[in-house]
Amino acid sequence: MVYKTEPVRELEIKYDDNGHPSWCSFPSHKNVQVRGACDVPPHLPGLVILVHGVNSTGEWYQKAESALCAGLNKRLGLEGTNFELKANIYSGDDKIELDEKGAEKRTPMSPLVERKLVTDNGRSPVIRFYWGYSSPLGDEDKFVIPLVSIKGDDYHQMKRDGVPLYDILKKGPYIWGGGPFQNGTNNLHSLWSKKGFNEDLANIPGAKVQYGNEDKDRLLTTAPPRNYYAHAAKRLADLLDLIREKYPKDTVTIISHSQGTMVSMAATALANKAPDALFIMNSPYALHNSQLNAFSMPPEECISPSGRESTLSAIIDKVALQSTHLSSLGYEGLCVGQSQDNKNWKPDITLVASDKNETRNIQERDNHGRTYVYFNPHDRVMGSLPLRSIGWQGFPNDEKGNPHPLITQHKGYLFQRMLARNTPCGIAPESKTPFGRLPDGKPFWDDEGDEYQSSGFVYPDPPHWQTVFINAEEVPEPIKENELSDFDKTRVGAEHGPQEKNGWGERDPKTGYKNDDTYDNFINLYPDQDIVIGVKKQSEYGTYGSVTPVTRKETFDEKDRRIRSYVAQPT
C-alpha cells in the first residue's frame with residue numbers, strides 16, 4: 001500500500017438522534033486533489049441522569065449540567081477543541097448574558113414554565129429527569145397543597161381570582177414537582193404507600209402537627225398517597241433498561257438529590273441492571289427507626305434498623321455488580337479525551353496536581369460499581385429529629401472511632417464525602433473526620449440568638465465525640481477549608497423588619513427577585529387568621545370582666561405581609 005499526503009478539507013460533523021456522527025461531501029474533478037476529512041470524534045463520556053428532590057422542579061439542573069460539562073472538559077483535555085462538551089438549553093433555563101465588563105448576568109425564568117429543548121448541542125452527556133405529583137381530575141381541592149398546570153397556571157390563585165371552575169379544569173392536569181414537602185419519607189417501603197402525610201398528630205382529630213411546626217415556611221397539611229414516588233421510580237428504571245437495551249456498552253451514572261435519592265435507589269432495585277455509579281446527595285434515607293415515625297406513619301411503614309440496613313446494602317451490592325462493565329471491554333478502545341501528557345485518557349493513569357506549596361500524584365479512577373454518599377451536617381431537614389438521615393451524618397463511626405459496619409462491609413464500593421463549614425472536601429481520606437464538633441469550635445447549629453431560634457428538641461446536637469470515616473478518594477482540586485468558611489448560611493442578623501429584603505416572600509435588593517420564586521404558590525394555602533377589632537360585653541348583669549373579643553378574618557394583603565416577612569431557615 002502506498003501512503004500519500006494530500007491536502008484535505010475538514011468536513012462538518014452531523015449527529016443523528018442517537019449521537020452517531022456522519023459527514024457529507026460532494027464529488028469533484030479528478031484533477032482537484034483535495035479530499036474530505038472525516039475526523040472521528042471522541043466518544044461522549046457516558047450518560048449522567050440528574051434526579052431532583054421533593055418540592056422541586058430541578059431548579060439546579062442548569063448549573064449542574066454546565067458545571068459537569070466544564071469539569072469533564074478539563075478532566076478529559078477537551079478545552080479549546082471542537083469536541084468540548086456543551087450544556088443543552090431548555091426553555092425554563094435562566095437567560096445568561098454578559099455585561100459590559102464580561103461578568104455573567106442571569107435573568108431567572110419561572111421554575112414552573114413549560115420545559116422544551118431549545119438548543120440540542122449534541123455534546124452534552126446529561127439527561128434531566130423530572131417527576132412529581134399529578135392530581136387526578138376532581139381531586140384538586142382534596143388536599144391543601146400547591147398545584148400548577150404544565151404552563152405554570154396556579155390552581156388556587158385562579159380560584160381566588162374568580163375564574164370559573166370549568167375554565168380552570170380545562171387547563172389541567174395540575175401537578176407539583178417532586179410532590180409536596182411534607183410527603184417526604186425516610187425509607188423505600190413508603191414509596192408504594194397508598195397513604196400520605198396526615199396533619200393530625202397520631203391520628204387525633206384537631207391535634208395538628210402544624211401547631212408545633214417551628215419552620216413557618218413549611219406547611220404541614222394532609223397530603224395525597226405517596227405512590228407517585230413508585231411511579232417515578234418505575235419510569236427511571238425503565239429509562240435505565242432502555243439505555244441498556246439500545247446501548248449495552250454505554251456507561252450510566254445517576255446523580256440524585258434529597259427525595260430524588262429515594263427515587264433513584266428504588267429505580268436501582270427495579271431495573272434489570274443498576275446504574276454504573278450512583279450518587280446519593282443529602283438523602284433522607286435513615287438507618288434508624290425514629291420513635292416519631294409511630295406518630296406520623298402507618299405501622300407497616302415503620303421499618304426496623306436491620307431492615308433499613310439490609311435494603312441499602314442490597315442496593316450497594318447491585319451497583320457493585322457493574323464494577324467490571326468498562327474494564328471487561330478493555331480500556332484500549334476507549335476514546336473520550338486526552339491526558340495531561342497528551343495521550344489517550346484512561347481511568348488507570350496518574351494525574352499530577354500542583355498548587356503553590358506542593359505537587360501531588362493522584363490516581364485516576366474507574367467509578368463503575370461505586371455508590372457515593374454526600375452529606376451535610378448543616379442540612380436542617382435531614383438533621384431534624386424525625387430524620388437524622390445519611391444525608392446529614394453519613395455513616396458515622398462508633399464512640400471508639402471504628403468505621404460504620406456498612407463502610408467496612410462494602411469496602412471499595414461504598415464511599416462518602418462531607419461538605420461542612422471550615423472543613424476541606426476532596427482531600428486524602430481521613431478515618432476520623434470531626435462531625436459532632438467541627439474544627440472552628442462554633443455551636444453545631446448556627447441560629448443561637450435568632451428571633452426564630454429553633455429548639456433543641458427538633459434539632460438536637462450530635463454527640464461531641466461523633467466522627468466519620470471520609471473514605472472517598474483525593475481529587476486534583478479539593479475544596480479548601482477557607483472556601484467553606486461561610487458554607488453554613490445563617491439567618492442570624494437577617495432583616496426581619498421594615499426593609500423587607502430577607503423574608504421568605506420579599507425581594508432581594510441585589511437581584512430584584514423574590515427570595516423564593518414559589519412563594520406565590522404557597523401564600524394562598526395558609527388559613528386566614530382572626531384579628532381582634534374590639535370586645536363585647538356578654539351581659540350587663542354578667543360576671544365581672546366577662547367579655548368576648550370581636551374578630552374579623554384578615555385580608556389577603558394582611559396575610560401576605562404577615563407571612564412574607566418570615567425569614568426562612570437556610571437548609
# chains A, B, ... in the order shown; residues from 1 in each chain; ligands from 1

$ closest_atom_pairs --of "range 371-428 of chain A" --to "range 171-188 of chain A" --cutoff "9 Å" --atoms "only C-alpha atoms" --output "JSON lines"
{"residue": "A:Pro386", "atom": "CA", "partner": "A:Asn186", "partner_atom": "CA", "distance": 8.9}
{"residue": "A:Leu387", "atom": "CA", "partner": "A:Asn186", "partner_atom": "CA", "distance": 6.7}
{"residue": "A:Ser389", "atom": "CA", "partner": "A:Asn186", "partner_atom": "CA", "distance": 7.6}

$ write_last_selection --atoms "N, CA and C atoms" --output "PDB file, in the first residue's frame"
ATOM      1  N   PRO A 386     -36.945  13.810  63.390  1.00  0.00           N
ATOM      2  CA  PRO A 386     -37.607  12.684  62.714  1.00  0.00           C
ATOM      3  C   PRO A 386     -36.717  11.962  61.701  1.00  0.00           C
ATOM      4  N   LEU A 387     -35.658  12.619  61.218  1.00  0.00           N
ATOM      5  CA  LEU A 387     -34.842  12.004  60.171  1.00  0.00           C
ATOM      6  C   LEU A 387     -33.477  11.548  60.685  1.00  0.00           C
ATOM      7  N   SER A 389     -30.753  11.578  59.049  1.00  0.00           N
ATOM      8  CA  SER A 389     -30.526  10.659  57.931  1.00  0.00           C
ATOM      9  C   SER A 389     -29.066  10.595  57.510  1.00  0.00           C
TER      10      SER A 389
END

$ select_by_dssp --residues "range 161-378 of chain A" --states "helix (DSSP H, G or I)" --output "ChimeraX atom specification"
/A:165-170,181-183,189-192,201-203,209-212,228-246,259-270,293-296,299-301,305-320,327-329,331-333

$ closest_residue --among "A:Ser313, A:Asn203, A:Thr518, A:Thr107" --to "Trp504 in chain A" --atoms "only C-alpha atoms"
A:Thr518

$ closest_atom_pairs --of "range 131-244 of chain A" --to "range 252-270 of chain A" --cutoff "7 Å" --atoms "only C-alpha atoms" --output "Markdown table"
| residue | atom | partner | partner_atom | distance |
| --- | --- | --- | --- | --- |
| A:Gly184 | CA | A:Gln259 | CA | 6.6 |
| A:Leu188 | CA | A:Met262 | CA | 6.4 |
| A:Tyr229 | CA | A:Val263 | CA | 6.5 |
| A:Ala232 | CA | A:Val263 | CA | 6.6 |
| A:Ala233 | CA | A:Ala267 | CA | 4.6 |
| A:Lys234 | CA | A:Ala267 | CA | 6.1 |
| A:Leu236 | CA | A:Ala267 | CA | 5.8 |
| A:Ala237 | CA | A:Ala267 | CA | 4.6 |

$ write_last_selection --atoms "C-alpha atoms" --output "compact mmCIF listing (two decimals), in the first residue's frame"
# COMPACT_ATOMS: atom_id res chain seq x y z
CA GLY A 184 -41.19 13.03 52.03
CA LEU A 188 -38.17 2.96 50.44
CA TYR A 229 -42.94 8.01 44.10
CA ALA A 232 -41.35 7.92 39.26
CA ALA A 233 -39.04 5.06 40.29
CA LYS A 234 -40.52 2.78 37.62
CA LEU A 236 -36.45 5.92 35.94
CA ALA A 237 -35.90 2.15 35.97

$ residues_around --residues "range 212-224 of chain A" --least-positions-apart "5" --cutoff "7 Å" --atoms "only C-alpha atoms" --output "list in words"
Phe143, Val144, Gln182, Asn183, Lys195, Gly196, Phe197, Asn198, Glu199, Ser454 and Ala568 of chain A

$ atom_distance --atom1 "CA of Val373 in chain A" --atom2 "CA of Gln393 in chain A"
10.1 Å

$ closest_atom_pairs --of "range 330-367 of chain A" --to "range 320-326 of chain A" --cutoff "8 Å" --atoms "only C-alpha atoms" --output "JSON lines"
{"residue": "A:Gly330", "atom": "CA", "partner": "A:Leu326", "partner_atom": "CA", "distance": 6.8}
{"residue": "A:Tyr331", "atom": "CA", "partner": "A:Leu326", "partner_atom": "CA", "distance": 7.3}
{"residue": "A:Asn367", "atom": "CA", "partner": "A:Ser323", "partner_atom": "CA", "distance": 7.6}

$ closest_residue --among "A:Leu329, A:Ile280, A:Val336, A:Leu292" --to "Asn376 in chain A" --atoms "only C-alpha atoms"
A:Ile280

$ residues_around --residues "Ser290 in chain A" --least-positions-apart "5" --cutoff "10 Å" --atoms "only C-alpha atoms" --output "PyMOL selection string"
chain A and resi 186+295+302-305+385-388

$ write_last_selection --atoms "C-alpha atoms" --output "tab-separated table (two decimals), in the first residue's frame"
chain	number	residue	atom	x	y	z
A	186	ASN	CA	-37.06	8.15	55.10
A	295	PHE	CA	-46.94	9.24	65.21
A	302	CYS	CA	-42.08	1.82	60.43
A	303	ILE	CA	-39.09	-0.17	59.17
A	304	SER	CA	-36.61	-1.67	61.63
A	305	PRO	CA	-32.93	-0.60	61.59
A	385	LEU	CA	-35.20	14.68	64.94
A	386	PRO	CA	-37.61	12.68	62.71
A	387	LEU	CA	-34.84	12.00	60.17
A	388	ARG	CA	-31.19	12.16	61.36

$ residues_around --residues "Thr423 in chain A" --least-positions-apart "4" --cutoff "8 Å" --atoms "only C-alpha atoms" --output "ChimeraX atom specification"
/A:419,438-439,480-482,484-485

$ closest_residue --among "A:Cys24, A:Ile315, A:Leu112, A:Ala274" --to "Lys151 in chain A" --atoms "only C-alpha atoms"
A:Leu112

$ closest_residue --among "A:Arg115, A:Lys553, A:Lys74, A:Lys30" --to "Gln338 in chain A" --atoms "only C-alpha atoms"
A:Lys74

$ atom_distance --atom1 "CA of Lys537 in chain A" --atom2 "CA of Pro549 in chain A"
8.8 Å

$ decode --residues "range 387-433 of chain A" --atoms "C-alpha atoms" --output "PDB file, in the first residue's frame"
ATOM      1  CA  LEU A 387     -34.842  12.004  60.171  1.00  0.00           C
ATOM      2  CA  ARG A 388     -31.188  12.163  61.361  1.00  0.00           C
ATOM      3  CA  SER A 389     -30.526  10.659  57.931  1.00  0.00           C
ATOM      4  CA  ILE A 390     -27.431   9.614  55.990  1.00  0.00           C
ATOM      5  CA  GLY A 391     -27.775  12.905  54.110  1.00  0.00           C
ATOM      6  CA  TRP A 392     -26.966  14.658  57.388  1.00  0.00           C
ATOM      7  CA  GLN A 393     -24.435  12.426  59.142  1.00  0.00           C
ATOM      8  CA  GLY A 394     -23.381   9.877  56.531  1.00  0.00           C
ATOM      9  CA  PHE A 395     -22.265   6.575  58.037  1.00  0.00           C
ATOM     10  CA  PRO A 396     -20.789   7.691  61.378  1.00  0.00           C
ATOM     11  CA  ASN A 397     -18.080   5.979  63.374  1.00  0.00           C
ATOM     12  CA  ASP A 398     -18.951   4.491  66.742  1.00  0.00           C
ATOM     13  CA  GLU A 399     -17.859   6.073  70.023  1.00  0.00           C
ATOM     14  CA  LYS A 400     -14.486   4.307  69.810  1.00  0.00           C
ATOM     15  CA  GLY A 401     -13.888   5.681  66.325  1.00  0.00           C
ATOM     16  CA  ASN A 402     -14.484   2.418  64.472  1.00  0.00           C
ATOM     17  CA  PRO A 403     -15.966   2.752  60.959  1.00  0.00           C
ATOM     18  CA  HIS A 404     -19.649   2.074  60.382  1.00  0.00           C
ATOM     19  CA  PRO A 405     -20.274  -1.622  59.540  1.00  0.00           C
ATOM     20  CA  LEU A 406     -21.609  -0.754  56.067  1.00  0.00           C
ATOM     21  CA  ILE A 407     -18.385   1.095  55.212  1.00  0.00           C
ATOM     22  CA  THR A 408     -16.382  -1.984  56.200  1.00  0.00           C
ATOM     23  CA  GLN A 409     -18.755  -4.445  54.553  1.00  0.00           C
ATOM     24  CA  HIS A 410     -18.755  -2.618  51.213  1.00  0.00           C
ATOM     25  CA  LYS A 411     -15.099  -1.615  51.108  1.00  0.00           C
ATOM     26  CA  GLY A 412     -14.173  -0.469  47.618  1.00  0.00           C
ATOM     27  CA  TYR A 413     -17.802   0.060  46.617  1.00  0.00           C
ATOM     28  CA  LEU A 414     -19.285   2.499  49.163  1.00  0.00           C
ATOM     29  CA  PHE A 415     -17.722   5.931  49.569  1.00  0.00           C
ATOM     30  CA  GLN A 416     -18.721   9.117  51.359  1.00  0.00           C
ATOM     31  CA  ARG A 417     -17.848  12.804  51.326  1.00  0.00           C
ATOM     32  CA  MET A 418     -18.857  15.619  53.669  1.00  0.00           C
ATOM     33  CA  LEU A 419     -19.474  19.269  52.845  1.00  0.00           C
ATOM     34  CA  ALA A 420     -19.201  21.210  56.092  1.00  0.00           C
ATOM     35  CA  ARG A 421     -18.262  24.598  57.466  1.00  0.00           C
ATOM     36  CA  ASN A 422     -14.479  25.225  57.617  1.00  0.00           C
ATOM     37  CA  THR A 423     -13.759  21.627  56.614  1.00  0.00           C
ATOM     38  CA  PRO A 424     -11.868  20.687  53.424  1.00  0.00           C
ATOM     39  CA  CYS A 425     -13.604  18.405  50.934  1.00  0.00           C
ATOM     40  CA  GLY A 426     -11.796  16.197  48.440  1.00  0.00           C
ATOM     41  CA  ILE A 427      -8.528  15.774  50.318  1.00  0.00           C
ATOM     42  CA  ALA A 428      -6.955  12.390  51.091  1.00  0.00           C
ATOM     43  CA  PRO A 429      -9.205  10.002  53.076  1.00  0.00           C
ATOM     44  CA  GLU A 430      -9.443  10.679  56.807  1.00  0.00           C
ATOM     45  CA  SER A 431     -10.680   7.957  59.157  1.00  0.00           C
ATOM     46  CA  LYS A 432     -11.758  10.267  61.994  1.00  0.00           C
ATOM     47  CA  THR A 433     -13.081  13.439  60.423  1.00  0.00           C
TER      48      THR A 433
END
